[in-house]
Every structure is written in structure tokens, then in C-alpha cells.
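Structure below is upload_8.cif: mmCIF, C-alpha atoms and all ligand atoms.
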data_entry
#
loop_
_atom_site.group_PDB
_atom_site.id
_atom_site.type_symbol
_atom_site.label_atom_id
_atom_site.label_comp_id
_atom_site.auth_asym_id
_atom_site.auth_seq_id
_atom_site.Cartn_x
_atom_site.Cartn_y
_atom_site.Cartn_z
ATOM 1 C CA MET L 152 -12.650 -14.933 24.251
ATOM 2 C CA SER L 153 -9.788 -15.454 21.824
ATOM 3 C CA LYS L 154 -8.684 -12.548 19.676
ATOM 4 C CA PRO L 155 -10.167 -12.314 16.173
ATOM 5 C CA LYS L 156 -7.923 -13.576 13.401
ATOM 6 C CA ILE L 157 -7.309 -11.024 10.637
ATOM 7 C CA LEU L 158 -5.786 -11.693 7.213
ATOM 8 C CA VAL L 159 -3.769 -8.571 6.377
ATOM 9 C CA THR L 160 -3.060 -8.639 2.649
ATOM 10 C CA ARG L 161 -0.233 -6.082 2.467
ATOM 11 C CA LYS L 162 2.610 -4.894 4.677
ATOM 12 C CA LEU L 163 1.315 -1.962 6.739
ATOM 13 C CA PRO L 164 3.200 0.817 8.579
ATOM 14 C CA PRO L 165 4.907 -0.465 11.779
ATOM 15 C CA ALA L 166 2.612 1.411 14.186
ATOM 16 C CA VAL L 167 -0.440 -0.125 12.511
ATOM 17 C CA GLU L 168 1.017 -3.644 12.586
ATOM 18 C CA GLU L 169 1.953 -3.141 16.254
ATOM 19 C CA ARG L 170 -1.655 -2.311 17.117
ATOM 20 C CA LEU L 171 -2.864 -5.260 15.058
ATOM 21 C CA GLN L 172 -0.537 -7.577 16.974
ATOM 22 C CA LYS L 173 -1.685 -6.186 20.301
ATOM 23 C CA ASP L 174 -5.424 -6.552 19.683
ATOM 24 C CA TYR L 175 -5.752 -9.341 17.106
ATOM 25 C CA LEU L 176 -4.194 -12.484 15.739
ATOM 26 C CA PRO L 177 -3.040 -11.005 12.435
ATOM 27 C CA ASP L 178 -1.644 -12.954 9.496
ATOM 28 C CA LEU L 179 0.793 -10.260 8.345
ATOM 29 C CA ASN L 180 2.398 -10.047 4.922
ATOM 30 C CA ALA L 181 6.079 -9.487 5.683
ATOM 31 C CA THR L 182 7.208 -9.810 2.056
ATOM 32 C CA ASP L 183 4.449 -7.498 0.768
ATOM 33 C CA GLU L 184 3.874 -9.666 -2.303
ATOM 34 C CA ILE L 185 0.380 -9.183 -3.721
ATOM 35 C CA TYR L 186 -1.702 -12.314 -3.180
ATOM 36 C CA GLY L 187 -3.544 -13.717 -6.176
ATOM 37 C CA GLN L 188 -7.202 -14.590 -5.680
ATOM 38 C CA GLU L 189 -6.520 -18.265 -4.927
ATOM 39 C CA GLU L 190 -3.816 -17.433 -2.406
ATOM 40 C CA LEU L 191 -6.022 -14.861 -0.696
ATOM 41 C CA ILE L 192 -8.914 -17.313 -0.392
ATOM 42 C CA LYS L 193 -6.568 -20.002 0.946
ATOM 43 C CA ARG L 194 -5.058 -17.658 3.525
ATOM 44 C CA ALA L 195 -8.499 -16.473 4.635
ATOM 45 C CA LYS L 196 -9.206 -19.962 6.055
ATOM 46 C CA ASP L 197 -10.211 -19.695 9.725
ATOM 47 C CA CYS L 198 -9.921 -15.869 9.653
ATOM 48 C CA ASP L 199 -12.652 -13.625 11.030
ATOM 49 C CA ALA L 200 -11.921 -10.589 8.849
ATOM 50 C CA LEU L 201 -9.809 -9.305 5.974
ATOM 51 C CA LEU L 202 -7.797 -6.093 6.028
ATOM 52 C CA VAL L 203 -7.295 -5.344 2.326
ATOM 53 C CA THR L 204 -6.032 -2.525 0.117
ATOM 54 C CA VAL L 205 -6.646 -1.081 -3.341
ATOM 55 C CA THR L 206 -4.393 -3.768 -4.851
ATOM 56 C CA ASP L 207 -6.715 -6.629 -3.896
ATOM 57 C CA SER L 208 -9.529 -7.493 -6.243
ATOM 58 C CA ILE L 209 -12.332 -8.631 -3.959
ATOM 59 C CA SER L 210 -14.759 -9.621 -6.679
ATOM 60 C CA ARG L 211 -18.009 -11.533 -6.312
ATOM 61 C CA THR L 212 -16.115 -14.705 -7.270
ATOM 62 C CA VAL L 213 -13.656 -14.145 -4.424
ATOM 63 C CA ILE L 214 -16.353 -13.222 -1.929
ATOM 64 C CA GLU L 215 -18.375 -16.317 -2.767
ATOM 65 C CA GLN L 216 -15.332 -18.509 -2.064
ATOM 66 C CA LEU L 217 -14.343 -16.871 1.220
ATOM 67 C CA PRO L 218 -14.744 -19.111 4.250
ATOM 68 C CA GLU L 219 -17.920 -18.713 6.296
ATOM 69 C CA SER L 220 -15.791 -17.401 9.165
ATOM 70 C CA ILE L 221 -15.132 -14.064 7.361
ATOM 71 C CA ARG L 222 -17.564 -11.529 8.720
ATOM 72 C CA MET L 223 -15.887 -8.246 7.880
ATOM 73 C CA ILE L 224 -13.668 -6.656 5.209
ATOM 74 C CA ALA L 225 -11.885 -3.456 6.229
ATOM 75 C CA THR L 226 -10.189 -1.688 3.343
ATOM 76 C CA PHE L 227 -7.127 0.440 3.940
ATOM 77 C CA SER L 228 -8.412 3.026 1.436
ATOM 78 C CA VAL L 229 -11.149 5.544 0.923
ATOM 79 C CA GLY L 230 -11.990 4.045 -2.473
ATOM 80 C CA PHE L 231 -13.754 0.680 -2.411
ATOM 81 C CA ASP L 232 -14.258 0.044 -6.113
ATOM 82 C CA GLN L 233 -12.016 -3.038 -5.800
ATOM 83 C CA ILE L 234 -14.650 -4.707 -3.593
ATOM 84 C CA ASP L 235 -17.980 -6.004 -4.858
ATOM 85 C CA ILE L 236 -20.069 -4.409 -2.131
ATOM 86 C CA ALA L 237 -23.337 -6.014 -3.264
ATOM 87 C CA ALA L 238 -21.691 -9.463 -3.149
ATOM 88 C CA ALA L 239 -20.392 -8.726 0.361
ATOM 89 C CA GLN L 240 -23.853 -7.687 1.427
ATOM 90 C CA ASP L 241 -25.343 -10.859 -0.079
ATOM 91 C CA ARG L 242 -22.956 -12.873 2.099
ATOM 92 C CA GLY L 243 -23.706 -10.735 5.180
ATOM 93 C CA ILE L 244 -20.119 -9.397 5.255
ATOM 94 C CA THR L 245 -19.660 -5.911 6.680
ATOM 95 C CA VAL L 246 -17.316 -3.532 4.807
ATOM 96 C CA SER L 247 -15.554 -0.379 6.008
ATOM 97 C CA ASN L 248 -13.246 2.176 4.350
ATOM 98 C CA THR L 249 -11.075 5.097 5.498
ATOM 99 C CA PRO L 250 -12.644 8.397 4.405
ATOM 100 C CA GLY L 251 -11.464 11.741 5.768
ATOM 101 C CA VAL L 252 -7.992 10.821 6.919
ATOM 102 C CA LEU L 253 -6.349 11.114 3.508
ATOM 103 C CA THR L 254 -8.092 14.283 2.334
ATOM 104 C CA ASN L 255 -5.200 16.677 2.881
ATOM 105 C CA ALA L 256 -2.457 14.396 1.607
ATOM 106 C CA THR L 257 -4.407 13.699 -1.587
ATOM 107 C CA ALA L 258 -5.320 17.350 -2.116
ATOM 108 C CA ASP L 259 -1.623 18.224 -1.731
ATOM 109 C CA ILE L 260 -0.766 15.772 -4.504
ATOM 110 C CA ALA L 261 -3.472 17.248 -6.740
ATOM 111 C CA LEU L 262 -1.773 20.644 -6.313
ATOM 112 C CA LEU L 263 1.594 19.048 -7.022
ATOM 113 C CA LEU L 264 0.115 17.623 -10.243
ATOM 114 C CA LEU L 265 -1.418 20.963 -11.216
ATOM 115 C CA LEU L 266 1.915 22.684 -10.714
ATOM 116 C CA GLY L 267 4.007 19.851 -12.080
ATOM 117 C CA ALA L 268 1.946 19.613 -15.266
ATOM 118 C CA ALA L 269 1.595 23.370 -15.762
ATOM 119 C CA ARG L 270 5.276 24.079 -15.175
ATOM 120 C CA GLY L 271 6.756 21.021 -16.909
ATOM 121 C CA ALA L 272 8.427 20.075 -13.648
ATOM 122 C CA GLY L 273 9.082 16.500 -14.769
ATOM 123 C CA ASN L 274 11.088 17.633 -17.805
ATOM 124 C CA GLY L 275 12.986 20.176 -15.721
ATOM 125 C CA GLU L 276 13.904 17.635 -13.086
ATOM 126 C CA HIS L 277 14.892 15.129 -15.734
ATOM 127 C CA ALA L 278 17.192 17.690 -17.398
ATOM 128 C CA VAL L 279 18.960 18.442 -14.113
ATOM 129 C CA ARG L 280 19.396 14.754 -13.300
ATOM 130 C CA GLN L 281 20.577 13.886 -16.826
ATOM 131 C CA ASN L 282 22.992 16.826 -16.824
ATOM 132 C CA SER L 283 21.356 18.063 -20.029
ATOM 133 C CA TRP L 284 20.384 21.498 -18.647
ATOM 134 C CA LYS L 285 22.543 23.880 -20.714
ATOM 135 C CA ASN L 286 21.768 27.302 -19.268
ATOM 136 C CA TRP L 287 19.030 29.623 -18.106
ATOM 137 C CA ALA L 288 17.181 30.726 -21.234
ATOM 138 C CA PRO L 289 14.433 33.333 -21.660
ATOM 139 C CA THR L 290 12.467 30.798 -23.681
ATOM 140 C CA GLY L 291 13.569 27.666 -21.872
ATOM 141 C CA PHE L 292 11.208 25.364 -19.948
ATOM 142 C CA LEU L 293 8.229 27.659 -20.420
ATOM 143 C CA GLY L 294 5.130 26.558 -18.558
ATOM 144 C CA ARG L 295 1.779 28.074 -17.673
ATOM 145 C CA ASP L 296 0.647 30.082 -14.638
ATOM 146 C CA LEU L 297 -1.969 28.795 -12.232
ATOM 147 C CA THR L 298 -2.583 32.315 -10.965
ATOM 148 C CA GLY L 299 -5.856 33.797 -12.143
ATOM 149 C CA LYS L 300 -6.880 30.685 -14.080
ATOM 150 C CA ARG L 301 -10.129 28.742 -13.792
ATOM 151 C CA LEU L 302 -9.942 25.411 -12.019
ATOM 152 C CA GLY L 303 -12.772 22.974 -12.672
ATOM 153 C CA ILE L 304 -13.278 20.330 -10.010
ATOM 154 C CA LEU L 305 -15.179 17.192 -10.908
ATOM 155 C CA GLY L 306 -16.482 15.794 -7.607
ATOM 156 C CA MET L 307 -16.680 18.322 -4.785
ATOM 157 C CA GLY L 308 -16.499 15.946 -1.832
ATOM 158 C CA ARG L 309 -13.913 16.245 0.924
ATOM 159 C CA ILE L 310 -10.903 16.035 -1.385
ATOM 160 C CA GLY L 311 -12.384 18.292 -4.065
ATOM 161 C CA GLN L 312 -13.116 20.933 -1.415
ATOM 162 C CA ALA L 313 -9.589 20.640 0.010
ATOM 163 C CA VAL L 314 -8.192 21.153 -3.509
ATOM 164 C CA ALA L 315 -10.415 24.221 -3.961
ATOM 165 C CA LYS L 316 -9.141 25.649 -0.670
ATOM 166 C CA ARG L 317 -5.517 25.238 -1.762
ATOM 167 C CA ALA L 318 -6.209 26.565 -5.267
ATOM 168 C CA ARG L 319 -7.748 29.732 -3.842
ATOM 169 C CA ALA L 320 -4.307 30.526 -2.408
ATOM 170 C CA PHE L 321 -3.123 30.589 -6.049
ATOM 171 C CA ASP L 322 -5.910 33.047 -6.898
ATOM 172 C CA MET L 323 -7.615 30.455 -9.056
ATOM 173 C CA GLU L 324 -11.310 30.835 -9.871
ATOM 174 C CA ILE L 325 -13.112 27.677 -8.769
ATOM 175 C CA HIS L 326 -15.804 25.948 -10.834
ATOM 176 C CA TYR L 327 -17.240 22.550 -9.973
ATOM 177 C CA HIS L 328 -19.648 19.817 -10.830
ATOM 178 C CA ASN L 329 -21.015 17.532 -8.170
ATOM 179 C CA ARG L 330 -24.116 15.340 -7.966
ATOM 180 C CA SER L 331 -25.601 17.947 -5.649
ATOM 181 C CA ARG L 332 -24.808 21.609 -5.149
ATOM 182 C CA LEU L 333 -22.940 22.450 -1.930
ATOM 183 C CA PRO L 334 -24.368 24.854 0.651
ATOM 184 C CA ALA L 335 -23.065 28.405 0.131
ATOM 185 C CA GLU L 336 -20.611 28.297 3.050
ATOM 186 C CA GLN L 337 -18.977 25.156 1.647
ATOM 187 C CA GLU L 338 -19.047 26.524 -1.894
ATOM 188 C CA ALA L 339 -17.073 29.547 -0.705
ATOM 189 C CA GLY L 340 -17.689 31.406 -3.957
ATOM 190 C CA ALA L 341 -17.113 28.434 -6.267
ATOM 191 C CA HIS L 342 -19.317 28.350 -9.375
ATOM 192 C CA TYR L 343 -21.624 25.329 -9.583
ATOM 193 C CA HIS L 344 -22.357 23.621 -12.905
ATOM 194 C CA ALA L 345 -25.242 21.176 -12.981
ATOM 195 C CA SER L 346 -23.511 18.785 -15.409
ATOM 196 C CA LEU L 347 -19.984 17.842 -16.412
ATOM 197 C CA GLU L 348 -20.733 19.108 -19.923
ATOM 198 C CA ALA L 349 -21.650 22.519 -18.500
ATOM 199 C CA LEU L 350 -18.470 22.632 -16.392
ATOM 200 C CA LEU L 351 -15.931 21.693 -19.063
ATOM 201 C CA PRO L 352 -15.853 24.920 -21.131
ATOM 202 C CA TYR L 353 -14.873 26.787 -17.923
ATOM 203 C CA CYS L 354 -11.841 24.634 -17.144
ATOM 204 C CA ASP L 355 -8.384 26.000 -17.852
ATOM 205 C CA PHE L 356 -7.511 23.195 -15.438
ATOM 206 C CA LEU L 357 -9.632 20.168 -14.622
ATOM 207 C CA SER L 358 -9.018 18.162 -11.449
ATOM 208 C CA ILE L 359 -10.830 14.824 -11.133
ATOM 209 C CA HIS L 360 -12.133 13.792 -7.707
ATOM 210 C CA ALA L 361 -15.020 11.458 -8.436
ATOM 211 C CA ALA L 362 -15.199 7.867 -7.204
ATOM 212 C CA SER L 363 -14.977 5.034 -9.701
ATOM 213 C CA THR L 364 -18.508 3.760 -10.296
ATOM 214 C CA PRO L 365 -20.315 2.300 -13.307
ATOM 215 C CA GLN L 366 -21.563 5.859 -13.973
ATOM 216 C CA THR L 367 -18.151 7.569 -13.850
ATOM 217 C CA ARG L 368 -15.908 5.000 -15.587
ATOM 218 C CA GLY L 369 -14.639 6.443 -18.856
ATOM 219 C CA ILE L 370 -16.282 9.800 -18.149
ATOM 220 C CA ILE L 371 -13.171 11.605 -19.387
ATOM 221 C CA ASN L 372 -13.325 10.546 -23.022
ATOM 222 C CA ALA L 373 -12.978 11.985 -26.544
ATOM 223 C CA GLU L 374 -16.257 13.856 -26.284
ATOM 224 C CA THR L 375 -15.701 15.389 -22.850
ATOM 225 C CA LEU L 376 -12.073 16.243 -23.621
ATOM 226 C CA ARG L 377 -13.182 18.062 -26.784
ATOM 227 C CA ALA L 378 -15.369 20.308 -24.634
ATOM 228 C CA LEU L 379 -12.352 21.599 -22.694
ATOM 229 C CA PRO L 380 -10.778 24.879 -23.845
ATOM 230 C CA ALA L 381 -7.691 24.456 -26.050
ATOM 231 C CA GLY L 382 -4.568 24.162 -23.909
ATOM 232 C CA ALA L 383 -6.443 22.917 -20.831
ATOM 233 C CA ILE L 384 -4.563 20.885 -18.255
ATOM 234 C CA VAL L 385 -6.115 17.740 -16.749
ATOM 235 C CA VAL L 386 -5.064 16.167 -13.453
ATOM 236 C CA ASN L 387 -6.288 12.947 -11.879
ATOM 237 C CA THR L 388 -5.828 11.721 -8.314
ATOM 238 C CA SER L 389 -8.992 9.613 -8.130
ATOM 239 C CA ARG L 390 -8.983 6.446 -10.241
ATOM 240 C CA GLY L 391 -7.435 5.714 -13.623
ATOM 241 C CA ASP L 392 -10.571 4.120 -14.992
ATOM 242 C CA LEU L 393 -12.422 7.432 -15.089
ATOM 243 C CA VAL L 394 -10.225 8.230 -18.071
ATOM 244 C CA ASP L 395 -10.268 6.754 -21.565
ATOM 245 C CA ASP L 396 -6.518 6.503 -22.186
ATOM 246 C CA ASP L 397 -6.729 6.559 -25.993
ATOM 247 C CA ALA L 398 -8.728 9.780 -25.869
ATOM 248 C CA LEU L 399 -6.493 11.494 -23.318
ATOM 249 C CA ILE L 400 -3.288 10.466 -25.091
ATOM 250 C CA HIS L 401 -4.691 11.672 -28.401
ATOM 251 C CA ALA L 402 -5.720 15.015 -26.882
ATOM 252 C CA LEU L 403 -2.236 15.453 -25.381
ATOM 253 C CA ALA L 404 -0.400 14.407 -28.555
ATOM 254 C CA SER L 405 -2.529 16.574 -30.830
ATOM 255 C CA GLY L 406 -1.913 19.646 -28.680
ATOM 256 C CA HIS L 407 -5.599 20.135 -27.829
ATOM 257 C CA LEU L 408 -4.632 19.669 -24.185
ATOM 258 C CA GLY L 409 -1.678 21.548 -22.747
ATOM 259 C CA ALA L 410 -0.635 18.858 -20.287
ATOM 260 C CA ALA L 411 -1.810 16.184 -17.883
ATOM 261 C CA GLY L 412 -0.745 15.353 -14.345
ATOM 262 C CA LEU L 413 -1.617 11.802 -13.384
ATOM 263 C CA ASP L 414 -1.238 9.942 -10.098
ATOM 264 C CA VAL L 415 -3.578 7.086 -11.008
ATOM 265 C CA PHE L 416 -3.866 4.941 -14.118
ATOM 266 C CA ASN L 417 -5.837 2.216 -15.772
ATOM 267 C CA ASN L 418 -4.166 -1.110 -15.026
ATOM 268 C CA GLU L 419 -1.543 0.470 -12.773
ATOM 269 C CA PRO L 420 1.372 -0.049 -12.400
ATOM 270 C CA ASP L 421 1.327 -1.257 -16.040
ATOM 271 C CA LEU L 422 0.114 2.058 -17.354
ATOM 272 C CA ASP L 423 -0.237 2.805 -21.044
ATOM 273 C CA PRO L 424 3.431 3.342 -22.050
ATOM 274 C CA ARG L 425 2.474 6.212 -24.375
ATOM 275 C CA TYR L 426 2.044 8.402 -21.284
ATOM 276 C CA ARG L 427 5.753 8.029 -20.534
ATOM 277 C CA ALA L 428 6.744 9.099 -24.032
ATOM 278 C CA LEU L 429 4.655 12.280 -24.073
ATOM 279 C CA PRO L 430 6.585 15.445 -23.197
ATOM 280 C CA ASN L 431 3.509 17.094 -21.653
ATOM 281 C CA THR L 432 2.738 14.596 -18.902
ATOM 282 C CA PHE L 433 3.740 14.749 -15.246
ATOM 283 C CA LEU L 434 3.389 11.270 -13.765
ATOM 284 C CA LEU L 435 3.371 9.959 -10.206
ATOM 285 C CA PRO L 436 2.970 6.388 -8.865
ATOM 286 C CA HIS L 437 -0.414 6.574 -7.033
ATOM 287 C CA LEU L 438 1.025 8.336 -4.024
ATOM 288 C CA GLY L 439 -1.922 10.591 -3.131
ATOM 289 C CA SER L 440 -2.118 9.239 0.414
ATOM 290 C CA ALA L 441 1.545 8.276 0.723
ATOM 291 C CA THR L 442 2.753 10.098 3.822
ATOM 292 C CA LEU L 443 3.625 8.248 7.008
ATOM 293 C CA GLU L 444 1.113 10.299 8.992
ATOM 294 C CA THR L 445 -1.687 9.582 6.535
ATOM 295 C CA ARG L 446 -0.918 5.897 6.065
ATOM 296 C CA ASN L 447 -0.859 5.497 9.869
ATOM 297 C CA ALA L 448 -4.199 7.297 10.086
ATOM 298 C CA MET L 449 -5.645 5.030 7.373
ATOM 299 C CA GLY L 450 -4.479 1.966 9.266
ATOM 300 C CA PHE L 451 -5.869 3.248 12.557
ATOM 301 C CA CYS L 452 -9.180 4.079 10.892
ATOM 302 C CA ALA L 453 -9.385 0.531 9.493
ATOM 303 C CA LEU L 454 -8.593 -0.821 12.971
ATOM 304 C CA ASP L 455 -11.168 1.444 14.629
ATOM 305 C CA ASN L 456 -13.744 -0.120 12.318
ATOM 306 C CA LEU L 457 -12.587 -3.658 13.126
ATOM 307 C CA ASP L 458 -12.570 -2.843 16.850
ATOM 308 C CA ALA L 459 -16.128 -1.506 16.661
ATOM 309 C CA PHE L 460 -17.296 -4.512 14.659
ATOM 310 C CA PHE L 461 -15.896 -7.085 17.074
ATOM 311 C CA ALA L 462 -17.205 -5.070 20.057
ATOM 312 C CA GLY L 463 -20.693 -5.153 18.496
ATOM 313 C CA LYS L 464 -20.721 -1.361 18.101
ATOM 314 C CA PRO L 465 -21.641 0.809 15.077
ATOM 315 C CA LEU L 466 -18.748 1.218 12.632
ATOM 316 C CA PRO L 467 -17.160 4.688 12.415
ATOM 317 C CA THR L 468 -16.956 4.525 8.608
ATOM 318 C CA PRO L 469 -19.052 1.734 7.123
ATOM 319 C CA VAL L 470 -19.472 1.252 3.387
ATOM 320 C CA THR L 471 -23.040 0.732 2.287
ATOM 321 C CA PRO L 472 -24.189 -0.339 -1.174
HETATM 322 C C1 LIG Q 501 -7.596 5.313 -1.651
HETATM 323 O O1 LIG Q 501 -7.522 5.363 -0.408
HETATM 324 O O2 LIG Q 501 -8.613 5.007 -2.243
HETATM 325 C C2 LIG Q 501 -6.362 5.673 -2.406
HETATM 326 O O3 LIG Q 501 -6.492 5.549 -3.760
HETATM 327 C C3 LIG Q 501 -5.176 4.900 -1.899
HETATM 328 O O4 LIG Q 501 -4.571 5.825 -1.101
#
Whole structure given in C-alpha cells:
Amino acid sequence: MSKPKILVTRKLPPAVEERLQKDYLPDLNATDEIYGQEELIKRAKDCDALLVTVTDSISRTVIEQLPESIRMIATFSVGFDQIDIAAAQDRGITVSNTPGVLTNATADIALLLLLGAARGAGNGEHAVRQNSWKNWAPTGFLGRDLTGKRLGILGMGRIGQAVAKRARAFDMEIHYHNRSRLPAEQEAGAHYHASLEALLPYCDFLSIHAASTPQTRGIINAETLRALPAGAIVVNTSRGDLVDDDALIHALASGHLGAAGLDVFNNEPDLDPRYRALPNTFLLPHLGSATLETRNAMGFCALDNLDAFFAGKPLPTPVTP
């Protein structure tokens, strides 16, 4: 039997592309340009599966125009909001994602954002690079401690729990909201709040770890931000569209919020430019999972799913509507 043909939409780490070349007939993307919808559909001709990433919009329109030969879409990501899962199901296309393997890397970046935002690390680094740092000053570059503060976690899945574990090492008090309460051993002393509204008043820091769904989009808005204590710090490593940019920017500019640390944005990389101009933001370019080890693991997880699919076995990490 000939090897399945896979359209790989982005350049992947060398070890992942090596395995693809060994086991499949991959159409690799050496230039790493992002394919537009038309280009993607054209390239999918005669392919058996797509290996996509968060930068591909696999909408219903795209799915309906994919060739009949496409039977599986493996996304090189834990999030799958860029894929219309119901449309894939309607076409009988199987979808997989890569949960678990990027938990630690993403939780590390959430801690970096908490620290970076609380300590004004971006401004400090900028001053050193620009040679504008004059001297050590008792009142210079003053930030806020994490130690002893309350950290609210919105979404206590794998990543939220890994953030809680790290934050405990900073003696933070953990509060969380999740669709369902965790068992006591997983809660590890964290305080459960049955709604986001109930959680917010307890958040000196708020870290967002919910998936992007119709229910969560825009959940961080003027009303929810108002419910945070004055001076609260918000960090986001999940998806930009959970946040209403106007509301967050207003809360940062007015001084209601102390700072924000953001790794993800609406319409990234063309984020709202007002974020760049604010002195109390610490901004990163969606690098939650960006370590070589993690990106390899994501690629191998996507390949494990493709392998299982073409061997007629159950997928390790299927996405279901
Ligand atoms: C994901 O996997 O969903 C991340 O956002 C990309 O690392």
C-alpha cells in the first residue's frame, strides 16, 4: 500500500519532518509562508490528510471545498478553535489535537507573564537595551510582589493546574473557576468559585486558561474587569478572543488594572497597537508552547494520531464536537 499523502501547512521542527518523510508522502512547506484558503484547498488535492496549525483557518467553507480524499485533519496545537469541528464531522473527517504535551511550557510562560507584568520586566529590559537606565534608585522600576497574593485561575484544566502548582512555590493563594469543581486531591487547597463573577473579587492576579468557544469569547470585558480588585494584574496564555481589547485597554489606561501580561491577542500578529503604547503591559508573541522539546512533542503527538488513523486504530487524542 502506498504511503498516505499529507499536506503539512507550516514548516515543522526537523525531527518531526524527518518522521513525516519516513512514514508518509508529505507536502512540506519549506518557506513557511501561510497558505490562504484557496491555496490550501488547491494543495490538498489528492492528499489523504492535513497537518495544520493555529494559523490556518479551517472554516466550514474550507472544509466543504476540500477534496473527497481528505479523511483526517491533525492540528499541531491543543486549541482547535480554528477548525469548524461540526463541519468536519458533517464531512466524515476525523480531527485530532495535541493536549498534554504543551502543559508545562505554557504554564511556564504564564508564570513569566505574571512576573513580567508584576515587575515591569519589559520596561526594565527596554531601559537596559536603550541605555536609558540611569542608576539604581530606591523608587525606580517599582513593581508588585507575587508572594502572598491571590491568584485567580479561569479554567482549571491541565494548564491551569500546572500554573497553580508553580504559583504555590511563590506562596500565592489559589482561587479558581472551572465548569466543574476538581476533586480535593487535584484542588490541592485551591478555593473553588462556582462562577467567574464569584471568582473575580478574589483575584489580585487573574490567569486565563479557558478554551475559545462561543461561550468564552469576550468573557473578559468591561463588566468582568470592573469586578476585579483595583490594581489587579491580568495574564492571558489561552486565546486573544476571550478578551475585549477596548475594555482591557481602558482598564489598563485608567489605572483600574495594575498591569497585563499577554501572550495571545485578537487578530495576532496584528494586535491592537494601543497595547504596545501602554507602560503597564508585558507582551510576548504567542510563544506558550515554543520550546524545541515541546514543539517536537506536539509534532510527534500529531503524527501518533495520523499513524493510528491510517492503521485503523483509535486515536490517542481525538477531538470530538
Ligand atoms: C495551542 O497549541 O493551541 C497553542 O496556542 C499553540 O501552541
Atom-to-atom span, atom CA of Tyr327 of chain L and atom CA of Leu266 of chain L, Å: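 Value for the atom CA of Tyr327 of chain L-atom CA of Leu266 of chain L distance: 19.2 Å.
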Who sits within 8 Å of Asp174 of chain L, only C-alpha atoms, same chain under 3 positions skipped, as a list in words: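 The neighbour list is Lys154, Arg170 and Leu171 of chain L.
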From L:Glu374, L:Asp395, L:Glu215, L:Glu419, residue lying nearest ligand LIG 501 (chain Q) [all atoms listed in the file]: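 Using all atoms listed in the file, ligand LIG 501 (chain Q) sits closest to L:Glu419.
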Distance in Å - atom CA of Leu333 of chain L versus atom CA of Ala411 of chain L: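 According to the coordinates, atom CA of Leu333 of chain L and atom CA of Ala411 of chain L are separated by 27.2 Å.
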Centre and edge lengths of an axis-aligned box around all listed atoms of ligand LIG 501 (chain Q), with 8 Å added on each side, are to be given in Å to one decimal, as JSON.
{"center_x": -6.6, "center_y": 5.4, "center_z": -2.1, "size_x": 20.0, "size_y": 16.9, "size_z": 19.4}
Pick from L:Leu413, L:Ile310, L:Ala378, L:Val385, whichever lies nearest to Asp259 of chain L using all atoms listed in the file: L:Ile310
Selection as a count of residues only: residues within 10 Å of ligand LIG 501 (chain Q) by all atoms listed in the file: 37
Residue members of the PyMOL selection byres (((chain L and resi 322) around 12) and not hetatm) in the file shown, as a ChimeraX atom specification: /L:296-302,315-321,323-325
Among listed residues L:Ile192, L:Leu305, L:Ala200, L:Ala373, nearest Ala345 of chain L (using all atoms listed in the file):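 Nearest to Ala345 of chain L: L:Leu305.
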Å distance separating atom CA of Arg161 of chain L from atom CA of Leu262 of chain L, one decimal place: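 Atom CA of Leu262 of chain L lies 28.2 Å from atom CA of Arg161 of chain L.
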With N, CA, C and O atoms retained, output segment 338-350 of chain L as a CSV table (one decimal), in the first residue's frame.
chain,number,residue,atom,x,y,z
L,338,GLU,N,-7.4,19.7,43.6
L,338,GLU,CA,-7.6,21.1,44.0
L,338,GLU,C,-6.4,21.5,44.9
L,338,GLU,O,-6.0,22.7,44.8
L,339,ALA,N,-5.9,20.6,45.7
L,339,ALA,CA,-4.7,20.9,46.5
L,339,ALA,C,-4.8,22.2,47.3
L,339,ALA,O,-3.9,23.0,47.3
L,340,GLY,N,-6.0,22.4,47.9
L,340,GLY,CA,-6.2,23.6,48.7
L,340,GLY,C,-6.7,24.8,48.0
L,340,GLY,O,-7.0,25.8,48.6
L,341,ALA,N,-6.8,24.7,46.7
L,341,ALA,CA,-7.3,25.9,45.9
L,341,ALA,C,-8.8,26.1,46.2
L,341,ALA,O,-9.5,25.2,46.5
L,342,HIS,N,-9.2,27.4,46.2
L,342,HIS,CA,-10.6,27.7,46.5
L,342,HIS,C,-11.4,27.8,45.3
L,342,HIS,O,-11.1,28.5,44.3
L,343,TYR,N,-12.5,27.0,45.3
L,343,TYR,CA,-13.4,26.9,44.1
L,343,TYR,C,-14.4,28.0,44.1
L,343,TYR,O,-15.0,28.3,45.2
L,344,HIS,N,-14.7,28.6,43.0
L,344,HIS,CA,-15.8,29.6,42.8
L,344,HIS,C,-16.7,29.1,41.7
L,344,HIS,O,-16.2,28.8,40.6
L,345,ALA,N,-18.0,29.0,42.0
L,345,ALA,CA,-18.9,28.4,41.0
L,345,ALA,C,-19.1,29.2,39.8
L,345,ALA,O,-19.7,28.7,38.8
L,346,SER,N,-18.8,30.5,39.8
L,346,SER,CA,-18.9,31.3,38.6
L,346,SER,C,-17.7,32.3,38.5
L,346,SER,O,-17.0,32.5,39.4
L,347,LEU,N,-17.5,32.8,37.3
L,347,LEU,CA,-16.4,33.7,37.0
L,347,LEU,C,-16.7,35.0,37.9
L,347,LEU,O,-15.8,35.5,38.5
L,348,GLU,N,-17.9,35.4,38.0
L,348,GLU,CA,-18.3,36.6,38.7
L,348,GLU,C,-17.9,36.4,40.2
L,348,GLU,O,-17.5,37.4,40.9
L,349,ALA,N,-18.1,35.2,40.7
L,349,ALA,CA,-17.8,34.9,42.1
L,349,ALA,C,-16.3,34.9,42.3
L,349,ALA,O,-15.8,35.3,43.4
L,350,LEU,N,-15.5,34.5,41.3
L,350,LEU,CA,-14.1,34.4,41.4
L,350,LEU,C,-13.4,35.8,41.4
L,350,LEU,O,-12.5,36.1,42.2
